[in-house]
file run.tsv (TSV, C-alpha atoms and all ligand atoms)
chain	number	residue	atom	x	y	z
U	217	MET	CA	27.70	20.69	24.37
U	218	ILE	CA	26.05	18.75	21.53
U	219	ASP	CA	24.78	16.28	24.08
U	220	THR	CA	23.18	19.00	26.17
U	221	LEU	CA	21.56	20.48	23.09
U	222	ARG	CA	20.26	17.08	22.10
U	223	LYS	CA	18.81	16.56	25.57
U	224	VAL	CA	17.10	19.96	25.57
U	225	PHE	CA	15.75	19.28	22.09
U	226	SER	CA	14.32	15.91	23.06
U	227	LYS	CA	12.81	17.43	26.27
U	228	ILE	CA	11.03	20.06	24.19
U	229	SER	CA	9.89	17.41	21.70
U	230	ASP	CA	8.51	15.27	24.52
U	231	LEU	CA	6.75	18.26	26.01
U	232	LEU	CA	5.10	19.10	22.68
U	233	GLY	CA	4.51	15.43	21.96
U	234	VAL	CA	6.47	15.54	18.71
U	235	GLU	CA	7.85	12.27	17.40
U	236	TRP	CA	10.69	12.87	14.90
U	237	ALA	CA	11.40	10.68	11.92
U	238	PRO	CA	14.74	8.88	12.25
U	239	LEU	CA	17.65	10.37	10.29
U	240	ASP	CA	18.85	7.12	8.73
U	241	ILE	CA	15.93	6.58	6.39
U	242	PRO	CA	16.75	4.93	3.06
U	243	MET	CA	16.54	7.09	-0.05
U	244	SER	CA	13.59	5.17	-1.50
U	245	ARG	CA	11.50	5.93	1.58
U	246	ARG	CA	12.47	9.60	1.43
U	247	LEU	CA	11.33	9.74	-2.20
U	248	GLN	CA	8.05	8.10	-1.20
U	249	THR	CA	7.47	10.72	1.48
U	250	LEU	CA	8.30	13.41	-1.08
U	251	GLY	CA	5.82	11.88	-3.55
U	252	ALA	CA	3.04	11.78	-0.95
U	253	THR	CA	3.83	15.32	0.26
U	254	ALA	CA	3.81	16.70	-3.28
U	255	TRP	CA	0.47	14.97	-3.88
U	256	ILE	CA	-1.24	16.45	-0.83
U	257	CYS	CA	0.16	19.89	-1.74
U	258	LEU	CA	-1.27	19.45	-5.23
U	259	ALA	CA	-4.66	18.47	-3.79
U	260	LEU	CA	-4.76	21.27	-1.20
U	261	PHE	CA	-3.03	24.18	-2.95
U	262	GLY	CA	-2.65	23.17	-6.61
U	263	GLU	CA	-5.68	25.07	-7.84
U	264	ALA	CA	-4.95	28.26	-5.88
U	265	LEU	CA	-1.36	28.17	-7.13
U	266	ALA	CA	-2.47	27.66	-10.74
U	267	ILE	CA	-4.86	30.63	-10.54
U	268	TYR	CA	-2.11	32.74	-8.95
U	269	LEU	CA	0.32	31.82	-11.75
U	270	PHE	CA	-2.27	32.64	-14.39
U	271	ILE	CA	-2.90	36.09	-12.87
U	272	LYS	CA	0.86	36.65	-12.64
U	273	LEU	CA	1.13	35.82	-16.32
U	274	VAL	CA	-1.69	38.24	-17.20
U	275	TYR	CA	0.19	41.08	-15.46
U	276	SER	CA	3.59	40.17	-16.90
U	277	ASP	CA	5.32	41.07	-20.18
U	278	TYR	CA	4.00	37.77	-21.47
U	279	TRP	CA	0.33	38.79	-21.03
U	280	TRP	CA	-0.30	37.74	-24.62
U	281	LEU	CA	0.52	34.15	-23.65
U	282	ALA	CA	-2.23	34.34	-21.02
U	283	ILE	CA	-4.64	35.63	-23.70
U	284	LEU	CA	-3.66	32.85	-26.10
U	285	TYR	CA	-4.00	30.26	-23.37
U	286	GLY	CA	-7.34	31.69	-22.22
U	287	TYR	CA	-8.64	31.65	-25.79
U	288	TRP	CA	-7.54	28.06	-26.27
U	289	MET	CA	-9.00	27.02	-22.90
U	290	LEU	CA	-12.41	28.53	-23.72
U	291	ASN	CA	-12.47	26.59	-26.97
U	292	ASP	CA	-11.45	23.48	-25.10
U	293	ILE	CA	-13.81	23.89	-22.15
U	294	GLU	CA	-16.16	21.05	-23.17
U	295	ILE	CA	-13.42	18.41	-23.35
U	296	CYS	CA	-14.04	17.31	-19.75
U	297	ASN	CA	-17.53	16.16	-20.86
U	298	LYS	CA	-16.27	14.58	-24.07
U	299	GLY	CA	-13.94	11.83	-23.00
U	300	GLY	CA	-11.10	14.03	-21.71
U	301	ARG	CA	-7.55	13.96	-22.99
U	302	THR	CA	-5.37	11.27	-21.44
U	303	PHE	CA	-1.58	11.25	-21.83
U	304	GLU	CA	-0.33	7.84	-20.72
U	305	PHE	CA	3.08	9.29	-20.13
U	306	ALA	CA	1.77	11.57	-17.35
U	307	ARG	CA	0.09	8.59	-15.70
U	308	ASN	CA	3.44	6.79	-15.84
U	309	TRP	CA	5.45	9.46	-13.96
U	310	SER	CA	7.66	8.02	-11.19
U	311	TRP	CA	6.05	10.56	-8.85
U	312	TRP	CA	2.97	8.31	-8.83
U	313	ARG	CA	5.03	5.17	-8.28
U	314	TYR	CA	6.61	6.72	-5.17
U	315	PHE	CA	3.23	8.05	-4.08
U	316	CYS	CA	1.62	4.58	-4.33
U	317	ASP	CA	4.58	2.84	-2.69
U	318	TYR	CA	4.45	5.27	0.22
U	319	PHE	CA	1.23	3.91	1.78
U	320	PRO	CA	1.45	1.46	-0.11
U	321	ILE	CA	-1.59	1.61	-2.35
U	322	THR	CA	-2.29	-1.82	-3.84
U	323	LEU	CA	-4.77	-2.47	-6.62
U	324	VAL	CA	-6.36	-5.93	-6.45
U	325	LYS	CA	-8.62	-7.52	-9.03
U	326	THR	CA	-11.07	-10.31	-8.28
U	327	ALA	CA	-12.29	-10.89	-11.85
U	328	ASP	CA	-11.10	-10.27	-15.38
U	329	LEU	CA	-12.71	-7.47	-17.33
U	330	ASP	CA	-13.54	-7.68	-21.02
U	331	PRO	CA	-11.66	-5.03	-23.05
U	332	SER	CA	-14.51	-4.95	-25.57
U	333	LYS	CA	-16.90	-3.58	-22.93
U	334	ASN	CA	-17.15	-0.49	-20.74
U	335	TYR	CA	-17.52	-0.57	-16.96
U	336	LEU	CA	-18.78	1.82	-14.32
U	337	PHE	CA	-16.60	1.44	-11.21
U	338	ALA	CA	-18.64	2.56	-8.18
U	339	CYS	CA	-15.92	3.29	-5.62
U	340	TYR	CA	-16.14	3.46	-1.84
U	341	PRO	CA	-15.28	4.98	0.56
U	342	HIS	CA	-14.40	8.56	-0.43
U	343	GLY	CA	-12.14	9.03	2.61
U	344	ILE	CA	-10.68	12.51	2.91
U	345	PHE	CA	-8.86	12.64	-0.44
U	346	SER	CA	-9.63	9.27	-2.11
U	347	SER	CA	-5.94	8.37	-2.20
U	348	GLY	CA	-6.64	4.73	-3.14
U	349	ALA	CA	-8.89	5.54	-6.09
U	350	TYR	CA	-6.49	8.30	-7.18
U	351	GLY	CA	-3.42	6.06	-7.15
U	352	SER	CA	-5.26	3.15	-8.76
U	353	PHE	CA	-7.31	4.93	-11.44
U	354	ALA	CA	-5.75	8.35	-12.08
U	355	THR	CA	-2.19	7.02	-12.31
U	356	ASN	CA	-0.39	3.85	-13.36
U	357	GLY	CA	1.51	3.83	-10.05
U	358	ALA	CA	-0.56	0.88	-8.77
U	359	ASN	CA	-0.15	-1.07	-12.05
U	360	PHE	CA	-3.57	-0.55	-13.57
U	361	PRO	CA	-2.36	-1.38	-17.13
U	362	LYS	CA	-0.75	-4.65	-15.99
U	363	LEU	CA	-3.82	-5.80	-14.06
U	364	PHE	CA	-6.36	-4.72	-16.64
U	365	PRO	CA	-4.67	-4.97	-20.04
U	366	GLY	CA	-6.47	-3.16	-22.83
U	367	MET	CA	-8.58	-1.05	-20.44
U	368	SER	CA	-8.36	2.69	-19.80
U	369	ALA	CA	-9.30	4.22	-16.46
U	370	HIS	CA	-11.02	7.57	-16.02
U	371	LEU	CA	-11.49	9.00	-12.55
U	372	ILE	CA	-14.51	11.26	-12.27
U	373	VAL	CA	-14.31	14.56	-10.35
U	374	LEU	CA	-16.49	17.66	-10.07
U	375	GLY	CA	-16.62	19.69	-13.28
U	376	GLY	CA	-15.40	22.85	-11.51
U	377	HIS	CA	-11.84	21.54	-11.39
U	378	PHE	CA	-11.68	21.77	-15.19
U	379	LEU	CA	-12.23	25.52	-15.09
U	380	VAL	CA	-8.86	26.14	-13.41
U	381	PRO	CA	-6.16	27.13	-15.95
U	382	PHE	CA	-3.06	24.87	-16.09
U	383	PHE	CA	-4.43	22.62	-13.33
U	384	ARG	CA	-7.03	21.32	-15.78
U	385	ASP	CA	-4.30	20.26	-18.22
U	386	LEU	CA	-2.68	18.12	-15.57
U	387	ILE	CA	-5.87	16.37	-14.47
U	388	LEU	CA	-7.00	15.90	-18.08
U	389	ALA	CA	-3.64	14.27	-18.84
U	390	LEU	CA	-4.25	11.86	-15.95
U	391	GLY	CA	-7.51	10.77	-17.59
U	392	LEU	CA	-9.88	12.64	-15.27
U	393	CYS	CA	-13.30	13.70	-16.57
U	394	SER	CA	-16.24	15.71	-15.28
U	395	SER	CA	-19.01	14.23	-13.14
U	396	SER	CA	-21.87	15.43	-15.36
U	397	GLN	CA	-24.27	12.77	-16.62
U	398	GLU	CA	-23.38	13.77	-20.20
U	399	SER	CA	-19.70	13.14	-19.52
U	400	ILE	CA	-20.18	9.71	-17.94
U	401	LEU	CA	-22.61	8.56	-20.65
U	402	TYR	CA	-20.10	9.73	-23.27
U	403	LEU	CA	-17.30	7.67	-21.71
U	404	LEU	CA	-19.53	4.59	-21.42
U	405	ASP	CA	-20.96	4.82	-24.94
U	406	PRO	CA	-20.07	1.50	-26.64
U	407	LYS	CA	-20.20	3.17	-30.07
U	408	ARG	CA	-17.37	5.52	-29.06
U	409	TYR	CA	-15.22	3.51	-26.67
U	410	GLN	CA	-14.36	-0.01	-25.68
U	411	GLY	CA	-12.51	-0.94	-22.51
U	412	ASN	CA	-13.29	2.22	-20.55
U	413	CYS	CA	-13.39	1.94	-16.76
U	414	VAL	CA	-15.15	5.00	-15.38
U	415	ALA	CA	-14.45	5.35	-11.66
U	416	ILE	CA	-16.85	7.45	-9.60
U	417	MET	CA	-16.74	8.17	-5.88
U	418	VAL	CA	-20.44	7.62	-5.33
U	419	GLY	CA	-20.53	9.04	-1.79
U	420	GLY	CA	-18.78	12.21	-2.96
U	421	ALA	CA	-17.67	15.07	-0.77
U	422	ALA	CA	-20.58	14.46	1.63
U	423	GLU	CA	-19.09	11.11	2.59
U	424	ALA	CA	-15.71	12.67	3.30
U	425	LEU	CA	-17.18	14.26	6.42
U	426	ASP	CA	-17.81	10.78	7.81
U	427	SER	CA	-14.26	9.56	7.24
U	428	HIS	CA	-12.70	8.51	10.54
U	429	PRO	CA	-9.99	5.89	11.14
U	430	GLY	CA	-11.30	2.34	11.33
U	431	LYS	CA	-14.86	3.39	10.39
U	432	TYR	CA	-16.62	2.60	7.14
U	433	LYS	CA	-19.77	4.69	7.02
U	434	ILE	CA	-20.81	5.26	3.42
U	435	ILE	CA	-23.57	7.07	1.56
U	436	LEU	CA	-25.41	4.77	-0.81
U	437	SER	CA	-29.15	4.55	0.03
U	438	ARG	CA	-29.97	7.92	-1.50
U	439	ARG	CA	-27.47	7.74	-4.37
U	440	LYS	CA	-29.34	6.50	-7.44
U	441	GLY	CA	-27.97	8.64	-10.26
U	442	PHE	CA	-25.09	6.27	-10.98
U	443	ILE	CA	-27.54	3.35	-11.28
U	444	ARG	CA	-29.60	5.30	-13.81
U	445	VAL	CA	-26.44	6.10	-15.81
U	446	ALA	CA	-25.38	2.43	-15.79
U	447	MET	CA	-28.84	1.39	-17.01
U	448	LYS	CA	-28.95	4.04	-19.72
U	449	SER	CA	-25.57	2.99	-21.05
U	450	GLY	CA	-25.85	-0.74	-20.42
U	451	ALA	CA	-22.37	-0.71	-18.84
U	452	SER	CA	-21.70	-3.28	-16.13
U	453	LEU	CA	-21.49	-1.96	-12.58
U	454	VAL	CA	-18.37	-2.87	-10.64
U	455	PRO	CA	-18.24	-2.49	-6.85
U	456	VAL	CA	-14.83	-1.14	-5.79
U	457	PHE	CA	-13.72	-0.85	-2.18
U	458	SER	CA	-10.57	0.78	-0.80
U	459	PHE	CA	-9.72	-0.87	2.51
U	460	GLY	CA	-7.69	1.39	4.78
U	461	GLU	CA	-8.71	4.61	3.01
U	462	THR	CA	-10.24	6.07	6.17
U	463	ASP	CA	-6.98	5.51	8.11
U	464	VAL	CA	-4.94	7.88	5.94
U	465	PHE	CA	-5.88	10.99	7.93
U	466	ARG	CA	-7.07	11.62	11.46
U	467	PRO	CA	-9.64	14.37	11.01
U	468	ILE	CA	-10.92	16.48	13.88
U	469	ASP	CA	-13.96	14.94	15.55
U	470	ASN	CA	-17.08	16.33	13.90
U	471	PRO	CA	-20.11	14.60	15.43
U	472	GLU	CA	-23.37	15.00	13.56
U	473	ASN	CA	-25.36	18.01	14.83
U	474	GLY	CA	-22.14	19.42	16.28
U	475	ILE	CA	-21.28	23.00	15.35
U	476	LEU	CA	-18.23	22.07	13.22
U	477	ARG	CA	-20.25	19.53	11.26
U	478	ARG	CA	-23.02	22.03	10.61
U	479	ILE	CA	-20.53	24.57	9.26
U	480	GLN	CA	-18.91	21.90	7.07
U	481	GLU	CA	-22.30	20.85	5.68
U	482	LYS	CA	-23.21	24.48	4.90
U	483	VAL	CA	-19.97	25.07	3.00
U	484	ARG	CA	-20.40	21.78	1.15
U	485	VAL	CA	-23.94	22.68	0.04
U	486	TRP	CA	-22.68	26.08	-1.17
U	487	THR	CA	-19.48	25.04	-2.91
U	488	GLY	CA	-19.67	21.27	-3.46
U	489	ILE	CA	-16.41	20.94	-1.53
U	490	SER	CA	-16.26	19.67	2.03
U	491	PRO	CA	-13.94	21.82	4.16
U	492	MET	CA	-11.69	19.43	6.00
U	493	PHE	CA	-8.67	19.47	8.19
U	494	PRO	CA	-6.61	16.57	6.96
U	495	LEU	CA	-4.45	15.87	9.97
U	496	GLY	CA	-1.73	13.38	9.23
U	497	ARG	CA	1.98	13.77	9.90
U	498	GLY	CA	4.72	16.17	8.88
U	499	VAL	CA	7.62	15.64	6.52
U	500	PHE	CA	10.23	15.21	9.28
U	501	GLN	CA	8.08	14.23	12.24
U	502	TYR	CA	5.10	12.00	12.84
U	503	SER	CA	2.98	14.20	15.08
U	504	PHE	CA	1.43	17.11	13.14
U	505	GLY	CA	0.93	18.09	9.55
U	506	VAL	CA	-1.06	17.37	6.44
U	507	VAL	CA	1.12	14.64	4.95
U	508	PRO	CA	-0.94	11.43	4.78
U	509	ILE	CA	-0.15	8.69	7.27
U	510	ARG	CA	1.90	5.78	5.92
U	511	THR	CA	-0.74	3.08	6.19
U	512	PRO	CA	-1.72	0.47	3.57
U	513	VAL	CA	-4.66	1.17	1.28
U	514	THR	CA	-5.95	-1.76	-0.79
U	515	THR	CA	-8.32	-0.97	-3.62
U	516	VAL	CA	-10.26	-4.14	-4.46
U	517	VAL	CA	-12.10	-4.26	-7.78
U	518	GLY	CA	-15.08	-6.61	-7.37
U	519	GLU	CA	-16.86	-8.72	-9.94
U	520	PRO	CA	-18.82	-6.83	-12.56
U	521	MET	CA	-22.59	-6.93	-12.33
U	522	GLU	CA	-24.37	-7.03	-15.68
U	523	VAL	CA	-26.91	-4.25	-16.16
U	524	LYS	CA	-29.55	-4.50	-18.87
U	525	LYS	CA	-29.58	-1.48	-21.15
U	526	ASN	CA	-32.69	0.57	-20.47
U	527	LEU	CA	-32.94	4.08	-21.85
U	528	GLU	CA	-35.89	5.07	-19.70
U	529	PRO	CA	-35.74	3.10	-16.47
U	530	THR	CA	-38.67	3.46	-14.07
U	531	SER	CA	-37.95	4.15	-10.42
U	532	GLU	CA	-38.91	0.54	-9.54
U	533	GLU	CA	-36.38	-0.76	-12.04
U	534	ILE	CA	-33.71	1.58	-10.67
U	535	ASP	CA	-34.49	0.47	-7.10
U	536	ALA	CA	-34.11	-3.18	-8.08
U	537	VAL	CA	-30.65	-2.64	-9.58
U	538	HIS	CA	-29.70	-0.41	-6.64
U	539	ALA	CA	-30.69	-3.14	-4.15
U	540	GLU	CA	-28.67	-5.74	-6.05
U	541	PHE	CA	-25.64	-3.44	-6.20
U	542	SER	CA	-25.87	-2.66	-2.45
U	543	LYS	CA	-25.97	-6.38	-1.73
U	544	ARG	CA	-22.90	-7.02	-3.87
U	545	LEU	CA	-20.94	-4.16	-2.34
U	546	THR	CA	-21.69	-5.42	1.18
U	547	GLU	CA	-20.67	-8.95	0.14
U	548	LEU	CA	-17.41	-7.64	-1.31
U	549	PHE	CA	-16.67	-5.76	1.90
U	550	GLU	CA	-17.47	-8.69	4.20
U	551	ARG	CA	-15.63	-11.22	2.06
U	552	GLU	CA	-12.42	-9.21	1.65
U	553	LYS	CA	-12.10	-7.26	4.90
U	554	SER	CA	-10.28	-9.98	6.84
U	555	LYS	CA	-7.42	-9.84	4.30
U	556	TYR	CA	-6.82	-6.11	4.51
U	557	LEU	CA	-8.07	-4.78	7.85
U	558	LYS	CA	-6.65	-5.33	11.30
U	559	ASN	CA	-9.35	-5.95	13.96
U	560	HIS	CA	-11.72	-6.75	11.11
U	561	GLU	CA	-14.23	-8.64	13.31
U	562	GLY	CA	-15.45	-5.42	14.83
U	563	ILE	CA	-15.52	-3.44	11.57
U	564	HIS	CA	-18.73	-3.34	9.58
U	565	LEU	CA	-19.97	-1.44	6.61
U	566	VAL	CA	-22.54	1.14	7.67
U	567	ILE	CA	-24.69	2.14	4.70
U	568	THR	CA	-26.65	5.37	5.01
J	1	LIG	C1	3.23	3.53	-19.59
J	1	LIG	O1	3.52	2.35	-18.87
J	1	LIG	C2	3.00	1.16	-19.43
J	1	LIG	C3	3.33	0.00	-18.52
J	1	LIG	O2	2.97	0.22	-17.21
J	1	LIG	C4	3.59	0.95	-20.82
J	1	LIG	O3	3.02	-0.21	-21.40
J	1	LIG	C5	3.33	2.15	-21.68
J	1	LIG	O4	3.99	2.00	-22.91
J	1	LIG	C6	3.80	3.42	-21.01
J	1	LIG	N1	3.36	4.54	-21.83
J	1	LIG	C7	4.06	5.64	-22.00
J	1	LIG	C8	3.54	6.64	-22.96
J	1	LIG	O5	5.10	5.87	-21.40

call {"tool": "encode", "arguments": {"input": "run.tsv", "output": "structure tokens"}}
result
Amino acid sequence: MIDTLRKVFSKISDLLGVEWAPLDIPMSRRLQTLGATAWICLALFGEALAIYLFIKLVYSDYWWLAILYGYWMLNDIEICNKGGRTFEFARNWSWWRYFCDYFPITLVKTADLDPSKNYLFACYPHGIFSSGAYGSFATNGANFPKLFPGMSAHLIVLGGHFLVPFFRDLILALGLCSSSQESILYLLDPKRYQGNCVAIMVGGAAEALDSHPGKYKIILSRRKGFIRVAMKSGASLVPVFSFGETDVFRPIDNPENGILRRIQEKVRVWTGISPMFPLGRGVFQYSFGVVPIRTPVTTVVGEPMEVKKNLEPTSEEIDAVHAEFSKRLTELFEREKSKYLKNHEGIHLVIT
């Protein structure tokens, strides 16, 4: 009886093309899958859930708590532009350790950083959800404090995320700050901070639309704002590259000029968020779902490039620094790719 059932079940699975995870998986791997699943749920639904909970609270007997919280949040609204509010203990949660070990996400340094200075980490590629940059710079799960003693990491995200009640408290605790120029200059100000590493995904949501397995097509030629910010603050620019980031999901094909791509671009221009269909695997099977694929992501922090402080850089001066940075990022990619990418001979960095 059981045998027949098993046969029928495997027939159906074959028909649907579902590949099930084995049952005898060690506990540590199960916890890793749980960590990665919880993370993608947080990224996809966390904000909607937080807003739902807040509304629930407003209409409950504890409505006064919602009022108190709302009042406090309004008074606190600028914090995302003023250095944020990191709680190391939240960055240390074992959730992040399991999350990083799932892929695994590995943080690699190629040069020591000086804890008396601030650095602007220009990170590529965005991928679908920037899992490498998240694990490396928004959590201690990839050993940031051990690799860069005396430094504090701040991952930069769109300011809108800090308007969501409850959700904002979590991301603030993880050291995240807003992407406004004011916010980044604040974090890099040597009079206020020393040892800050401010990590920005330069390509942003626009680059996410170009994330496809084994491809490294990035947006850099028209991105100059981060160069201006580095020059204004005098912080060194650090090229950072996450090898394997584009393998974490298999998004639907969206060729440029195709109808899907045009819709995605429209939504992105309107909302700042790229609508994406992060196809990975499921919790118990490997064929469908939004759980990221278990594939290594290596975030390599390159050598810092000194930038001369210049409060009013001309566009020629910006272009010169931009050209030098582009050269260094390409060198980092070409030098390191053989260590972290399979079939690396055929993989090149495409800069648009
Ligand atoms: C977080 O972990 C680091 C080591 O990775 C440790 O030095 C630090 O004390 C921890 N901080 C907290 C608040 O748990």

call {"tool": "atom_distance", "arguments": {"input": "run.tsv", "atom1": "atom CA of Thr530 of chain U", "atom2": "atom CA of Val414 of chain U"}}
result
23.6 Å

call {"tool": "closest_atom_pairs", "arguments": {"input": "run.tsv", "of": "chain U", "to": "ligand LIG 1 (chain J)", "cutoff": "9 Å", "atoms": "only C-alpha atoms and all ligand atoms", "output": "Markdown table"}}
result
| residue | atom | partner | partner_atom | distance |
| --- | --- | --- | --- | --- |
| U:Phe303 | CA | J:LIG1 | C8 | 7.0 |
| U:Glu304 | CA | J:LIG1 | C8 | 4.6 |
| U:Phe305 | CA | J:LIG1 | C8 | 3.9 |
| U:Ala306 | CA | J:LIG1 | C8 | 7.7 |
| U:Arg307 | CA | J:LIG1 | C1 | 7.1 |
| U:Asn308 | CA | J:LIG1 | C1 | 5.0 |
| U:Trp309 | CA | J:LIG1 | O5 | 8.3 |
| U:Asn356 | CA | J:LIG1 | O2 | 6.3 |
| U:Gly357 | CA | J:LIG1 | O2 | 8.2 |
| U:Asn359 | CA | J:LIG1 | O2 | 6.2 |
| U:Phe360 | CA | J:LIG1 | O2 | 7.5 |
| U:Pro361 | CA | J:LIG1 | O2 | 5.6 |
| U:Lys362 | CA | J:LIG1 | O2 | 6.2 |

call {"tool": "residues_around", "arguments": {"input": "run.tsv", "residues": "segment 424-431 of chain U", "least_positions_apart": "4", "cutoff": "10 Å", "atoms": "all atoms listed in the file", "output": "ChimeraX atom specification"}}
result
/U:341-346,419-420,435,459-472,477,480-481,484,489-492,557-560,562-566

call {"tool": "closest_atom_pairs", "arguments": {"input": "run.tsv", "of": "segment 412-457 of chain U", "to": "segment 383-394 of chain U", "cutoff": "12 Å", "atoms": "all atoms listed in the file", "output": "Markdown table"}}
result
| residue | atom | partner | partner_atom | distance |
| --- | --- | --- | --- | --- |
| U:Asn412 | CA | U:Gly391 | CA | 10.7 |
| U:Cys413 | CA | U:Gly391 | CA | 10.6 |
| U:Val414 | CA | U:Cys393 | CA | 9.0 |
| U:Ala415 | CA | U:Leu392 | CA | 9.3 |
| U:Ile416 | CA | U:Cys393 | CA | 10.0 |

call {"tool": "residues_near_point", "arguments": {"input": "run.tsv", "point": "(-28.3, -0.2, -21.1)", "cutoff": "9 Å", "atoms": "all atoms listed in the file", "output": "list in words"}}
result
Val445, Ala446, Met447, Lys448, Ser449, Gly450, Ala451, Ser452, Val523, Lys524, Lys525, Asn526 and Leu527 of chain U

call {"tool": "atom_distance", "arguments": {"input": "run.tsv", "atom1": "atom CA of Phe337 of chain U", "atom2": "atom CA of Leu453 of chain U"}}
result
6.1 Å

call {"tool": "atom_distance", "arguments": {"input": "run.tsv", "atom1": "atom CA of Pro529 of chain U", "atom2": "atom CA of Ile443 of chain U"}}
result
9.7 Å

call {"tool": "closest_residue", "arguments": {"input": "run.tsv", "among": "U:Thr514, U:Arg478, U:Leu269, U:Leu239", "to": "Gly351 of chain U", "atoms": "all atoms listed in the file"}}
result
U:Thr514

call {"tool": "residues_around", "arguments": {"input": "run.tsv", "residues": "Ile256 of chain U", "least_positions_apart": "2", "cutoff": "8 Å", "atoms": "all atoms listed in the file", "output": "ChimeraX atom specification"}}
result
/U:252-254,258-260,506-508

call {"tool": "closest_residue", "arguments": {"input": "run.tsv", "among": "U:Thr322, U:Ala354, U:Pro242, U:Thr487", "to": "Ala421 of chain U", "atoms": "only C-alpha atoms"}}
result
U:Thr487

call {"tool": "closest_residue", "arguments": {"input": "run.tsv", "among": "U:Val513, U:Leu436, U:Val483, U:Val373", "to": "Ser347 of chain U", "atoms": "only C-alpha atoms"}}
result
U:Val513

call {"tool": "closest_residue", "arguments": {"input": "run.tsv", "among": "U:Phe378, U:Phe500, U:Trp255, U:Tyr268", "to": "Glu235 of chain U", "atoms": "only C-alpha atoms"}}
result
U:Phe500

call {"tool": "build_atoms", "arguments": {"input": "run.tsv", "residues": "segment 394-399 of chain U", "atoms": "all heavy atoms", "output": "PDB file, in the frame of the given file"}}
result
ATOM      1  N   SER U 394     -15.252  15.032 -16.116  1.00  0.00           N
ATOM      2  CA  SER U 394     -16.240  15.710 -15.280  1.00  0.00           C
ATOM      3  C   SER U 394     -17.344  14.747 -14.822  1.00  0.00           C
ATOM      4  O   SER U 394     -17.624  13.739 -15.459  1.00  0.00           O
ATOM      5  CB  SER U 394     -16.843  16.858 -16.077  1.00  0.00           C
ATOM      6  OG  SER U 394     -18.099  17.188 -15.572  1.00  0.00           O
ATOM      7  N   SER U 395     -17.997  15.105 -13.727  1.00  0.00           N
ATOM      8  CA  SER U 395     -19.010  14.230 -13.140  1.00  0.00           C
ATOM      9  C   SER U 395     -20.401  14.457 -13.724  1.00  0.00           C
ATOM     10  O   SER U 395     -21.367  13.924 -13.192  1.00  0.00           O
ATOM     11  CB  SER U 395     -19.051  14.439 -11.627  1.00  0.00           C
ATOM     12  OG  SER U 395     -19.317  15.800 -11.353  1.00  0.00           O
ATOM     13  N   SER U 396     -20.524  15.238 -14.804  1.00  0.00           N
ATOM     14  CA  SER U 396     -21.870  15.430 -15.360  1.00  0.00           C
ATOM     15  C   SER U 396     -22.364  14.107 -15.961  1.00  0.00           C
ATOM     16  O   SER U 396     -21.569  13.249 -16.350  1.00  0.00           O
ATOM     17  CB  SER U 396     -21.835  16.498 -16.451  1.00  0.00           C
ATOM     18  OG  SER U 396     -21.091  16.045 -17.560  1.00  0.00           O
ATOM     19  N   GLN U 397     -23.693  13.981 -16.036  1.00  0.00           N
ATOM     20  CA  GLN U 397     -24.270  12.770 -16.620  1.00  0.00           C
ATOM     21  C   GLN U 397     -23.833  12.621 -18.071  1.00  0.00           C
ATOM     22  O   GLN U 397     -23.481  11.536 -18.533  1.00  0.00           O
ATOM     23  CB  GLN U 397     -25.791  12.835 -16.509  1.00  0.00           C
ATOM     24  CG  GLN U 397     -26.471  11.714 -17.272  1.00  0.00           C
ATOM     25  CD  GLN U 397     -27.918  11.541 -16.870  1.00  0.00           C
ATOM     26  OE1 GLN U 397     -28.227  11.276 -15.726  1.00  0.00           O
ATOM     27  NE2 GLN U 397     -28.805  11.686 -17.825  1.00  0.00           N
ATOM     28  N   GLU U 398     -23.809  13.751 -18.791  1.00  0.00           N
ATOM     29  CA  GLU U 398     -23.380  13.770 -20.200  1.00  0.00           C
ATOM     30  C   GLU U 398     -21.986  13.153 -20.340  1.00  0.00           C
ATOM     31  O   GLU U 398     -21.738  12.316 -21.206  1.00  0.00           O
ATOM     32  CB  GLU U 398     -23.368  15.231 -20.667  1.00  0.00           C
ATOM     33  CG  GLU U 398     -22.855  15.439 -22.065  1.00  0.00           C
ATOM     34  CD  GLU U 398     -22.421  16.894 -22.311  1.00  0.00           C
ATOM     35  OE1 GLU U 398     -22.582  17.746 -21.391  1.00  0.00           O
ATOM     36  OE2 GLU U 398     -21.917  17.164 -23.408  1.00  0.00           O
ATOM     37  N   SER U 399     -21.083  13.589 -19.447  1.00  0.00           N
ATOM     38  CA  SER U 399     -19.700  13.140 -19.520  1.00  0.00           C
ATOM     39  C   SER U 399     -19.587  11.635 -19.292  1.00  0.00           C
ATOM     40  O   SER U 399     -18.881  10.933 -20.009  1.00  0.00           O
ATOM     41  CB  SER U 399     -18.899  13.908 -18.463  1.00  0.00           C
ATOM     42  OG  SER U 399     -17.731  13.227 -18.110  1.00  0.00           O
TER      43      SER U 399
END
